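Text of the file protein23.txt, holding compact mmCIF, C-alpha atoms:
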# COMPACT_ATOMS: atom_id res chain seq x y z
CA MET A 1 12.22 -65.62 8.31
CA VAL A 2 15.46 -63.66 8.24
CA GLY A 3 17.01 -65.85 10.91
CA LYS A 4 16.07 -68.97 9.02
CA GLN A 5 17.61 -67.66 5.85
CA MET A 6 20.73 -66.62 7.64
CA GLU A 7 21.07 -70.09 9.03
CA SER A 8 20.59 -71.75 5.69
CA GLY A 9 23.01 -69.27 4.11
CA GLU A 10 25.68 -70.33 6.55
CA LEU A 11 24.81 -73.95 6.03
CA ALA A 12 25.39 -73.48 2.34
CA LEU A 13 28.99 -72.56 3.06
CA THR A 14 29.66 -75.99 4.46
CA MET A 15 28.31 -77.84 1.45
CA THR A 16 30.82 -79.61 -0.76
CA SER A 17 28.40 -80.78 -3.46
CA SER A 18 27.37 -78.60 -6.36
CA ALA A 19 26.28 -75.26 -5.02
CA VAL A 20 23.94 -74.52 -7.86
CA GLU A 21 22.07 -77.81 -7.65
CA HIS A 22 21.96 -77.45 -3.92
CA GLU A 23 18.28 -77.46 -3.00
CA ASP A 24 17.92 -76.06 0.48
CA SER A 25 14.86 -74.70 2.16
CA SER A 26 15.93 -71.14 1.55
CA LYS A 27 15.80 -71.53 -2.21
CA ALA A 28 12.05 -71.10 -2.44
CA ASP A 29 12.24 -68.29 0.09
CA SER A 30 14.96 -66.53 -1.84
CA ALA A 31 12.95 -66.88 -5.06
CA GLN A 32 10.02 -65.22 -3.33
CA ALA A 33 12.31 -62.59 -1.87
CA LEU A 34 13.67 -61.94 -5.34
CA GLU A 35 10.16 -61.47 -6.70
CA ARG A 36 9.34 -59.00 -3.96
CA ALA A 37 12.65 -57.20 -4.32
CA ARG A 38 11.97 -56.81 -8.03
CA ALA A 39 8.71 -55.14 -7.07
CA GLY A 40 10.67 -52.59 -5.00
CA ASP A 41 10.51 -54.22 -1.57
CA ARG A 42 13.73 -53.22 0.22
CA ALA A 43 13.13 -55.65 3.07
CA ALA A 44 13.04 -58.47 0.54
CA PHE A 45 16.32 -57.27 -0.90
CA ASP A 46 17.75 -57.28 2.61
CA GLU A 47 16.72 -60.94 2.86
CA LEU A 48 18.62 -61.66 -0.32
CA ILE A 49 21.70 -59.97 1.13
CA LEU A 50 21.45 -62.09 4.28
CA CYS A 51 21.01 -65.23 2.25
CA TYR A 52 23.90 -64.80 -0.16
CA GLN A 53 26.41 -62.34 1.28
CA GLY A 54 28.50 -65.02 2.97
CA ARG A 55 29.04 -66.96 -0.19
CA VAL A 56 29.70 -63.83 -2.23
CA LEU A 57 32.18 -62.56 0.35
CA MET A 58 34.14 -65.81 0.56
CA THR A 59 34.28 -66.19 -3.21
CA ALA A 60 35.49 -62.62 -3.58
CA TRP A 61 38.04 -63.20 -0.84
CA ARG A 62 39.49 -66.24 -2.62
CA LEU A 63 39.49 -64.43 -5.93
CA LEU A 64 41.11 -61.25 -4.63
CA GLY A 65 43.22 -62.60 -1.77
CA SER A 66 42.40 -59.65 0.45
CA LYS A 67 39.65 -59.42 3.03
CA GLU A 68 39.21 -55.65 2.67
CA ASP A 69 38.98 -55.84 -1.10
CA ALA A 70 36.57 -58.74 -0.79
CA GLN A 71 34.28 -56.67 1.42
CA ASP A 72 34.26 -53.87 -1.13
CA ALA A 73 33.60 -56.40 -3.87
CA ALA A 74 30.72 -58.00 -1.97
CA GLN A 75 29.08 -54.61 -1.47
CA GLU A 76 29.52 -53.79 -5.14
CA VAL A 77 28.03 -57.14 -6.16
CA PHE A 78 24.84 -56.46 -4.22
CA LEU A 79 24.61 -52.88 -5.42
CA ARG A 80 24.89 -54.10 -9.00
CA LEU A 81 22.31 -56.76 -8.26
CA TYR A 82 19.96 -54.05 -6.99
CA ARG A 83 20.54 -51.90 -10.05
CA HIS A 84 19.85 -54.80 -12.41
CA LEU A 85 17.16 -56.60 -10.44
CA ARG A 86 14.75 -56.35 -13.35
CA ARG A 87 17.11 -58.27 -15.57
CA VAL A 88 17.27 -61.24 -13.23
CA ASP A 89 14.97 -64.06 -14.21
CA PRO A 90 13.07 -65.02 -11.02
CA LYS A 91 12.43 -68.51 -12.39
CA ARG A 92 16.14 -69.31 -12.49
CA PRO A 93 18.45 -69.71 -9.49
CA LEU A 94 20.07 -66.49 -8.39
CA LEU A 95 23.36 -68.00 -7.28
CA PRO A 96 24.94 -68.56 -10.73
CA TRP A 97 24.06 -64.97 -11.56
CA LEU A 98 25.70 -63.82 -8.33
CA TYR A 99 28.81 -65.89 -9.05
CA ARG A 100 29.12 -64.28 -12.46
CA LEU A 101 28.66 -60.84 -10.93
CA THR A 102 31.24 -61.61 -8.27
CA VAL A 103 33.80 -62.77 -10.82
CA ASN A 104 33.20 -59.64 -12.91
CA VAL A 105 33.36 -57.28 -9.94
CA CYS A 106 36.57 -58.92 -8.70
CA HIS A 107 38.04 -58.66 -12.17
CA ASP A 108 37.22 -54.94 -12.28
CA LEU A 109 38.56 -54.37 -8.79
CA ARG A 110 41.75 -56.28 -9.50
CA ARG A 111 42.31 -54.31 -12.67
CA LYS A 112 41.69 -51.08 -10.80
CA ARG A 113 44.10 -51.93 -8.03
CA ARG A 114 46.58 -53.70 -10.29
CA GLY A 115 47.45 -56.82 -8.40
CA ILE A 116 46.49 -58.64 -5.32
CA ASN A 117 47.23 -57.21 -1.91
CA ALA A 118 47.74 -60.32 0.09
CA GLU A 119 46.80 -59.91 3.67
CA ALA A 120 49.58 -58.92 6.00
CA ALA A 121 48.13 -61.19 8.68
CA ASP A 122 48.41 -64.18 6.37
CA ARG A 123 52.03 -63.38 5.65
CA VAL A 124 52.85 -62.97 9.33
CA ASP A 125 51.34 -66.33 10.17
CA LEU A 126 53.27 -68.06 7.42
CA ALA A 127 56.44 -66.26 8.36
CA SER A 128 56.17 -67.57 11.91
CA VAL A 129 55.78 -71.09 10.56
CA ALA A 130 58.80 -70.69 8.34
CA ALA A 131 60.91 -69.41 11.27
CA ASP A 132 60.57 -72.72 13.10
CA PRO A 133 61.17 -75.57 10.71
CA LEU A 134 60.55 -78.17 13.37
CA ALA A 135 57.09 -76.90 14.11
CA LYS A 136 54.44 -78.91 12.36
CA MET A 137 52.07 -76.90 10.28
CA THR A 138 48.64 -76.70 11.78
CA ARG A 139 45.57 -77.09 9.62
CA THR A 140 45.03 -73.32 9.69
CA GLU A 141 48.57 -72.67 8.54
CA GLN A 142 48.18 -75.21 5.78
CA LYS A 143 45.07 -73.38 4.62
CA LEU A 144 46.99 -70.13 4.64
CA LEU A 145 49.61 -71.80 2.52
CA ILE A 146 46.95 -72.86 0.04
CA ALA A 147 45.60 -69.31 0.03
CA ARG A 148 49.09 -68.09 -0.82
CA ALA A 149 49.35 -70.71 -3.54
CA LEU A 150 46.15 -69.36 -5.06
CA GLU A 151 47.91 -66.03 -5.54
CA THR A 152 50.42 -67.63 -7.87
CA LEU A 153 47.70 -68.53 -10.37
CA THR A 154 46.57 -66.46 -13.29
CA GLU A 155 43.24 -64.72 -12.92
CA LYS A 156 41.37 -67.25 -15.06
CA GLU A 157 42.97 -70.28 -13.45
CA ARG A 158 42.17 -68.84 -10.08
CA ALA A 159 38.53 -68.16 -10.93
CA ALA A 160 38.13 -71.67 -12.34
CA VAL A 161 39.69 -73.44 -9.37
CA VAL A 162 37.88 -71.27 -6.80
CA LEU A 163 34.50 -71.99 -8.37
CA ARG A 164 35.20 -75.67 -8.99
CA ASP A 165 37.16 -76.78 -5.93
CA ILE A 166 36.30 -74.25 -3.25
CA GLU A 167 32.71 -73.37 -4.16
CA GLY A 168 32.02 -76.87 -5.43
CA LEU A 169 30.40 -76.03 -8.76
CA HIS A 170 30.43 -78.59 -11.58
CA THR A 171 32.74 -78.01 -14.53
CA ALA A 172 29.77 -77.13 -16.75
CA GLU A 173 28.55 -74.58 -14.23
CA VAL A 174 32.01 -73.05 -13.95
CA ALA A 175 32.19 -72.85 -17.74
CA SER A 176 28.81 -71.15 -17.86
CA THR A 177 29.76 -68.69 -15.13
CA LEU A 178 33.08 -67.79 -16.73
CA GLY A 179 31.72 -67.77 -20.27
CA SER A 180 34.23 -70.41 -21.39
CA SER A 181 34.02 -73.91 -22.79
CA GLU A 182 34.21 -76.94 -20.52
CA ALA A 183 37.46 -78.02 -22.16
CA THR A 184 39.03 -74.63 -21.39
CA VAL A 185 37.86 -74.79 -17.80
CA ARG A 186 39.22 -78.35 -17.43
CA SER A 187 42.58 -77.20 -18.75
CA GLN A 188 42.62 -74.22 -16.36
CA ILE A 189 41.64 -76.37 -13.40
CA SER A 190 44.25 -78.98 -14.19
CA THR A 191 47.03 -76.39 -14.53
CA ALA A 192 45.91 -74.65 -11.34
CA ARG A 193 45.86 -77.86 -9.29
CA VAL A 194 49.34 -78.83 -10.43
CA LYS A 195 50.64 -75.32 -9.67
CA ILE A 196 49.11 -75.37 -6.17
CA LYS A 197 50.52 -78.78 -5.45
CA LYS A 198 54.00 -77.72 -6.61
CA PHE A 199 53.81 -74.50 -4.57
CA VAL A 200 53.02 -76.51 -1.44
CA ASP A 201 55.88 -78.93 -2.25
CA ARG A 202 58.35 -76.06 -2.67
CA TRP A 203 57.25 -74.47 0.61
CA GLU A 204 57.66 -77.71 2.54
CA ARG A 205 61.07 -78.36 0.98
CA LYS A 206 62.15 -74.85 2.00
CA ARG A 207 61.09 -75.49 5.58
CA LEU A 208 63.09 -78.68 5.78
CA MET B 1 53.10 -90.00 -22.96
CA ASN B 2 55.55 -89.36 -20.16
CA CYS B 3 54.87 -88.67 -16.48
CA ALA B 4 54.78 -84.89 -17.02
CA ASP B 5 51.91 -85.39 -19.47
CA PHE B 6 50.12 -87.66 -17.03
CA GLU B 7 50.37 -85.07 -14.24
CA LYS B 8 47.75 -82.86 -15.86
CA LEU B 9 45.44 -85.80 -16.37
CA ILE B 10 45.95 -86.99 -12.81
CA ALA B 11 45.09 -83.48 -11.61
CA LEU B 12 41.70 -83.90 -13.28
CA GLU B 13 41.26 -87.53 -12.30
CA VAL B 14 41.60 -86.88 -8.54
CA GLU B 15 38.33 -84.95 -8.62
CA GLY B 16 36.62 -87.03 -11.28
CA ASP B 17 36.84 -84.33 -13.94
CA LEU B 18 38.47 -86.58 -16.51
CA PRO B 19 36.29 -88.06 -19.25
CA LYS B 20 35.77 -91.83 -18.80
CA GLN B 21 37.59 -92.83 -21.97
CA MET B 22 40.78 -91.16 -20.68
CA ALA B 23 40.38 -92.23 -17.06
CA GLY B 24 41.19 -95.85 -17.91
CA GLY B 25 44.58 -94.93 -19.37
CA VAL B 26 45.46 -92.80 -16.35
CA ALA B 27 44.46 -95.57 -13.93
CA ALA B 28 46.62 -98.05 -15.84
CA HIS B 29 49.60 -95.68 -15.69
CA LEU B 30 49.07 -95.07 -11.96
CA ARG B 31 49.20 -98.80 -11.30
CA THR B 32 52.68 -99.05 -12.78
CA CYS B 33 54.30 -95.65 -12.01
CA ARG B 34 55.36 -95.04 -8.42
CA GLN B 35 56.31 -91.41 -9.05
CA CYS B 36 52.84 -90.63 -10.37
CA GLN B 37 51.26 -92.48 -7.45
CA GLU B 38 53.08 -90.14 -5.06
CA PHE B 39 52.07 -87.19 -7.17
CA ALA B 40 48.43 -88.27 -6.98
CA LEU B 41 48.59 -88.70 -3.21
CA ASP B 42 50.13 -85.24 -2.69
CA LEU B 43 47.56 -83.77 -5.00
CA GLU B 44 44.75 -85.30 -2.98
CA THR B 45 46.19 -83.67 0.14
CA SER B 46 46.39 -80.24 -1.46
CA GLN B 47 42.88 -80.69 -2.86
CA ASP B 48 41.57 -81.51 0.62
CA LEU B 49 43.09 -78.29 1.90
CA LEU B 50 41.64 -76.37 -1.00
CA LYS B 51 38.18 -77.73 -0.29
CA GLU B 52 38.48 -76.80 3.34
CA LEU B 53 38.78 -73.18 2.32
CA GLY B 54 35.23 -73.51 1.04
CA LYS B 55 34.01 -74.65 4.43
CA GLU B 56 35.14 -71.48 6.14
CA ALA B 57 32.32 -69.27 7.33
CA PRO B 58 32.84 -65.54 7.31
CA ASN B 59 32.95 -63.53 10.50
CA GLU B 60 29.52 -62.41 11.67
CA VAL B 61 30.72 -58.85 12.33
CA THR B 62 32.17 -58.64 8.84
CA LEU B 63 28.89 -59.75 7.35
CA GLN B 64 26.97 -57.17 9.36
CA ASN B 65 29.34 -54.43 8.20
CA ILE B 66 28.89 -55.45 4.60
CA ARG B 67 25.11 -55.58 4.91
CA ARG B 68 25.03 -52.17 6.58
CA GLY B 69 27.29 -50.75 3.90
CA ILE B 70 25.06 -52.10 1.14
CA LEU B 71 21.87 -50.81 2.70
CA ASN B 72 23.40 -47.38 3.26
CA ARG B 73 24.49 -47.16 -0.34
CA LEU B 74 21.22 -48.34 -1.82
CA PRO B 75 19.36 -45.60 -3.67
CA THR B 76 16.33 -44.33 -1.75
CA GLU B 77 13.93 -44.76 -4.63
CA PRO B 78 13.06 -48.26 -5.85
CA ALA B 79 15.16 -49.90 -8.51
CA PRO B 80 14.45 -48.12 -11.77
CA ILE B 81 12.90 -50.02 -14.59
CA THR B 82 15.73 -50.55 -16.97
CA PHE B 83 15.41 -52.01 -20.39
CA PRO B 84 18.26 -53.37 -22.41
CA ALA B 85 19.36 -50.66 -24.83
CA TRP B 86 20.17 -52.87 -27.80
CA PRO B 87 16.58 -53.66 -28.92
CA PHE B 88 15.82 -49.94 -29.07
CA ALA B 89 18.98 -49.19 -31.00
CA LEU B 90 18.19 -52.04 -33.37
CA GLY B 91 14.63 -50.82 -33.85
CA ALA B 92 15.75 -47.26 -34.48
CA ALA B 93 18.29 -48.45 -37.04
CA ALA B 94 15.64 -50.59 -38.78
CA ILE B 95 13.18 -47.69 -38.94
CA THR B 96 15.86 -45.38 -40.32
CA ILE B 97 16.79 -47.89 -43.01
CA LEU B 98 13.10 -48.40 -43.88
CA LEU B 99 12.50 -44.65 -44.18
CA LEU B 100 15.57 -44.21 -46.35
CA ALA B 101 14.48 -47.08 -48.60
CA LEU B 102 10.98 -45.63 -48.93
CA ALA B 103 12.35 -42.19 -49.71
CA LEU B 104 14.64 -43.65 -52.37
CA LEU B 105 11.81 -45.66 -53.97
CA GLY B 106 9.50 -42.65 -53.91
CA HIS B 107 12.14 -40.51 -55.55
CA ARG B 108 12.63 -43.07 -58.32
CA SER B 109 8.95 -43.69 -59.06
CA ARG B 110 7.90 -40.05 -59.03
CA THR B 111 7.69 -38.37 -62.45
CA PRO B 112 9.91 -35.34 -62.43
CA ALA B 113 8.11 -32.04 -62.34
CA PRO B 114 7.80 -30.44 -65.77
CA LYS B 115 10.50 -27.94 -66.36
CA VAL B 116 10.30 -24.93 -68.53
CA VAL B 117 13.25 -25.26 -70.82
CA ALA B 118 12.55 -22.15 -72.83
CA GLU B 119 10.35 -19.21 -72.47
CA ARG B 120 10.57 -16.70 -75.20
CA GLU B 121 8.32 -14.18 -76.83
CA THR B 122 8.06 -15.02 -80.46
CA PRO B 123 7.25 -12.11 -82.77
CA ALA B 124 4.23 -12.87 -84.86
CA ALA B 125 5.95 -11.63 -87.99
CA SER B 126 8.64 -14.24 -87.81
CA THR B 127 6.22 -17.01 -88.68
CA GLN B 128 4.19 -15.22 -91.27
CA VAL B 129 4.48 -16.68 -94.73
CA GLY B 130 2.35 -15.39 -97.53
CA GLY B 131 0.22 -13.20 -95.34
CA ARG B 132 -0.89 -16.19 -93.22
CA THR B 133 0.21 -16.91 -89.75
CA HIS B 134 1.89 -20.28 -89.35
CA ILE B 135 1.85 -21.75 -86.01
CA ALA B 136 4.17 -24.57 -85.35
CA GLY B 137 1.77 -27.36 -84.64
CA PRO B 138 -1.81 -28.17 -85.35
CA ALA B 139 -4.20 -25.61 -86.75
CA PRO B 140 -5.31 -22.89 -84.43
CA SER B 141 -8.42 -23.36 -82.46
CA LYS B 142 -11.72 -22.53 -84.07
CA ALA B 143 -12.56 -20.30 -81.17
CA ALA B 144 -10.25 -17.67 -82.51
CA PRO B 145 -10.64 -16.17 -85.99
CA ARG B 146 -7.85 -17.10 -88.37
CA GLY B 147 -5.10 -14.53 -88.74
CA SER B 148 -6.42 -12.21 -86.12
CA ALA B 149 -5.35 -12.68 -82.54
CA THR B 150 -4.10 -16.26 -82.71
CA THR B 151 -0.47 -15.32 -83.13
CA PRO B 152 1.58 -17.15 -80.56
CA ALA B 153 3.17 -14.67 -78.26
CA ILE B 154 4.91 -16.95 -75.81
CA MET B 155 6.08 -20.50 -76.27
CA ARG B 156 6.49 -22.83 -73.40
CA ALA B 157 8.11 -26.15 -73.84
CA VAL B 158 7.55 -28.59 -71.06
CA ALA B 159 10.23 -31.20 -70.82
CA PRO B 160 9.69 -34.14 -68.54
CA ARG B 161 13.35 -35.17 -68.45
CA PRO B 162 16.52 -33.32 -67.73
CA ALA B 163 18.21 -35.11 -70.66
CA PHE B 164 15.94 -33.35 -73.04
CA HIS B 165 16.65 -30.13 -71.26
CA ARG B 166 20.30 -30.43 -72.19
CA ILE B 167 19.54 -31.30 -75.80
CA SER B 168 17.12 -28.45 -76.30
CA ARG B 169 19.55 -25.97 -74.85
CA GLY B 170 22.23 -27.12 -77.22
CA THR B 171 20.00 -26.71 -80.25
CA LYS B 172 18.91 -23.19 -79.53
CA ALA B 173 21.74 -21.72 -81.49
CA ALA B 174 21.17 -24.11 -84.39
CA ALA B 175 17.63 -22.92 -85.06
CA LYS B 176 17.26 -21.64 -88.59
CA PRO B 177 16.21 -18.05 -89.12
CA GLY B 178 12.72 -17.62 -90.44
CA GLN B 179 11.57 -20.82 -88.82
CA SER B 180 9.80 -20.98 -85.52
CA HIS B 181 12.46 -21.48 -82.97
CA ARG B 182 10.47 -24.05 -81.02
CA ALA B 183 9.32 -25.86 -84.11
CA SER B 184 12.81 -26.30 -85.46
CA GLU B 185 14.05 -27.35 -82.13
CA PHE B 186 11.42 -30.00 -81.61
CA SER B 187 11.48 -31.30 -85.14
CA ARG B 188 15.22 -31.88 -85.10
CA GLU B 189 15.74 -33.03 -81.54
CA ARG B 190 13.33 -35.60 -80.37
CA PRO B 191 13.64 -37.02 -76.95
CA GLN B 192 14.46 -40.68 -76.66
CA HIS B 193 11.93 -41.42 -74.00
CA PRO B 194 8.41 -42.63 -74.67
CA GLU B 195 6.63 -39.97 -72.62
CA PRO B 196 4.83 -37.38 -74.75
CA LEU B 197 6.23 -33.89 -74.82
CA MET B 198 3.68 -31.19 -74.39
CA VAL B 199 4.18 -27.76 -75.94
CA LYS B 200 1.89 -25.05 -74.77
CA LEU B 201 1.46 -22.10 -77.08
CA LEU B 202 -0.05 -18.94 -75.68
CA THR B 203 -1.69 -16.48 -77.94
CA ASP B 204 -2.61 -12.84 -77.46
CA ASN B 205 -6.14 -13.97 -76.89
CA PRO B 206 -6.27 -15.38 -73.41
CA ASN B 207 -9.16 -17.62 -74.43
CA VAL B 208 -7.01 -19.39 -77.00
CA VAL B 209 -4.35 -21.81 -75.82
CA ILE B 210 -2.74 -24.27 -78.19
CA TYR B 211 -1.34 -27.55 -76.94
CA TRP B 212 1.02 -29.57 -79.05
CA LEU B 213 1.70 -33.11 -78.03
CA VAL B 214 4.79 -34.75 -79.44
CA ASP B 215 5.47 -38.47 -79.11
As structure tokens, what does this structure read like?
Amino acid sequence: MVGKQMESGELALTMTSSAVEHEDSSKADSAQALERARAGDRAAFDELILCYQGRVLMTAWRLLGSKEDAQDAAQEVFLRLYRHLRRVDPKRPLLPWLYRLTVNVCHDLRRKRRGINAEAADRVDLASVAADPLAKMTRTEQKLLIARALETLTEKERAAVVLRDIEGLHTAEVASTLGSSEATVRSQISTARVKIKKFVDRWERKRL
Amino acid sequence: MNCADFEKLIALEVEGDLPKQMAGGVAAHLRTCRQCQEFALDLETSQDLLKELGKEAPNEVTLQNIRRGILNRLPTEPAPITFPAWPFALGAAAITILLLALALLGHRSRTPAPKVVAERETPAASTQVGGRTHIAGPAPSKAAPRGSATTPAIMRAVAPRPAFHRISRGTKAAAKPGQSHRASEFSRERPQHPEPLMVKLLTDNPNVVIYWLVD
């Protein structure tokens, strides 16, 4: 049971379609696990952790830009989920609720730490790329560059683009998660995409 | 619209986020503008990279650490039953308002308790005219023989309203000598309210009590 959920949880990370509409086999299982967890079953809550922790961690990582902070955030998300289990409607999908929690926890953490602590490893990798202008950027390095570009966005732009483009939610779902209108989210996404594109352009021009 | 304006629309169009009515205009511009075509191509590349970030799977060891950390920090007792606080606060506020309203209505509808505005021993001689005792009010009760023990010793005026209280106090000094103090007071100052004023006259005989009702 746990192994199956783990597998489907990982599978969910590779999906590019809407995450919320995503109907995998673990959805019914996670709904049952949620019901049991609400009744005080800790094993069921453990199943929920296994099912969703990967997605929560990666979202937090993209929102915060730091792996360590993301781990703290993921733990906090699940602790808050446990504290407020009774408020979660078992008939509705848990993932949108978790996304909202993740965004809120990351916001709190960011405010507490005042700024993003970009990973030193990321910087080292990019620095090595910059040192050799003739070297072609590998796919991994390009992804690191995008991760750096994400840091240049405002908190709201970042949340919108992470949920829409990285997590694959629809605009309406992003708006619901962030508590904004669809028009606002579209504007944030548009600005964020242009900023990321220009950041990548600047970086490549600098290399050449 | 210039190319800078189109950039934001193109940024939405590459992922199909642009409403259909605007998409046509953007497509038409892209067909004619080479600069915007390049912009769109570069944007698609950066979007592909962005989407690839979503395909990354976290490290298994990291996930295990997180899970262990969560389970260690979970409270030992089951999740407490928590209710949202706002319905209780709202209910308490409503009950408080209701109680206040009821108290206010009750205070308004209740007839004020009769107040003794004057209590004075009236000498029997002061009301004697021509050897007969005059009592301010109706004739004394038949139960008591005339002129014997029916002399009012104490007068009590019961005023239902504080307004009358003020008036009667003010007229105390204006009472004429030789006239029953209460009688003069009540004959000159009548309350403006419709409730009857009841004057209770006590005599020396405890079996004889005289009530005087004034409209």
- Item | Coordinates-based distance that separates atom CA of A:Tyr99 from atom CA of A:Ala33 (Å, one decimal) | 18.3 Å
Considering only C-alpha atoms, tabulate each residue of chain B that lies at most 7 Å from chain A along with its nearest interatomic pair and the corresponding distance in Å to one decimal; arrange the rows by chain and ascending residue number and present them as a Markdown table.
| residue | atom | partner | partner_atom | distance |
| --- | --- | --- | --- | --- |
| B:Lys8 | CA | A:Ser190 | CA | 5.5 |
| B:Ala11 | CA | A:Ser190 | CA | 5.3 |
| B:Leu12 | CA | A:Ser190 | CA | 5.6 |
| B:Leu43 | CA | A:Lys197 | CA | 5.8 |
| B:Ser46 | CA | A:Lys197 | CA | 5.9 |
| B:Leu49 | CA | A:Lys143 | CA | 6.0 |
| B:Leu50 | CA | A:Ile166 | CA | 6.2 |
| B:Lys51 | CA | A:Ile166 | CA | 4.9 |
| B:Leu53 | CA | A:Ile166 | CA | 6.2 |
| B:Gly54 | CA | A:Ile166 | CA | 4.5 |
| B:Lys55 | CA | A:Thr14 | CA | 4.6 |
| B:Glu56 | CA | A:Leu13 | CA | 7.0 |
| B:Ala57 | CA | A:Leu13 | CA | 6.3 |
| B:Pro58 | CA | A:Gly54 | CA | 6.2 |
| B:Leu63 | CA | A:Gly54 | CA | 6.9 |
| B:Ile66 | CA | A:Gln75 | CA | 6.1 |
| B:Arg67 | CA | A:Ile49 | CA | 6.7 |
| B:Gly69 | CA | A:Gln75 | CA | 6.9 |
| B:Ile70 | CA | A:Gln75 | CA | 5.4 |
| B:Leu74 | CA | A:Leu79 | CA | 6.7 |
| B:Pro78 | CA | A:Gly40 | CA | 5.0 |
| B:Ala79 | CA | A:Arg83 | CA | 5.9 |
| B:Ile81 | CA | A:Arg86 | CA | 6.7 |
| B:Thr82 | CA | A:Arg86 | CA | 6.9 |
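The residue that comes closest to B:Glu38, out of B:Ala92, B:Ile10, B:Leu104, B:Leu213 and on the basis of all atoms listed in the file, is B:Ile10.
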- Suppose you want the space between atom CA of A:Ala160 and atom CA of A:Arg205; what is it in Å? 27.4 Å
- Task: Record the distance separating atom CA of B:Cys36 and atom CA of B:Glu13, expressed in Å with one decimal.
- Result: 12.1 Å
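With all atoms listed in the file as the basis for measurement, A:Trp203 is the residue among A:Trp203, A:Val103, A:Arg158, A:Gly65 that approaches A:Glu141 most closely.
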- Would you list the contacts of B:Cys3 as an MDAnalysis selection string, taking every protein, DNA or RNA residue within 10 Å and counting all atoms listed in the file, but skipping same-chain residues closer than 3 positions in sequence? chainID B and resid 6:10 29:30 33 35:36 39
- Item | All residues 10 Å or closer to A:His107, only C-alpha atoms, same chain fewer than 2 positions away omitted, as a PyMOL selection string | chain A and resi 60+63-64+73+101-105+109-113+155-156+159
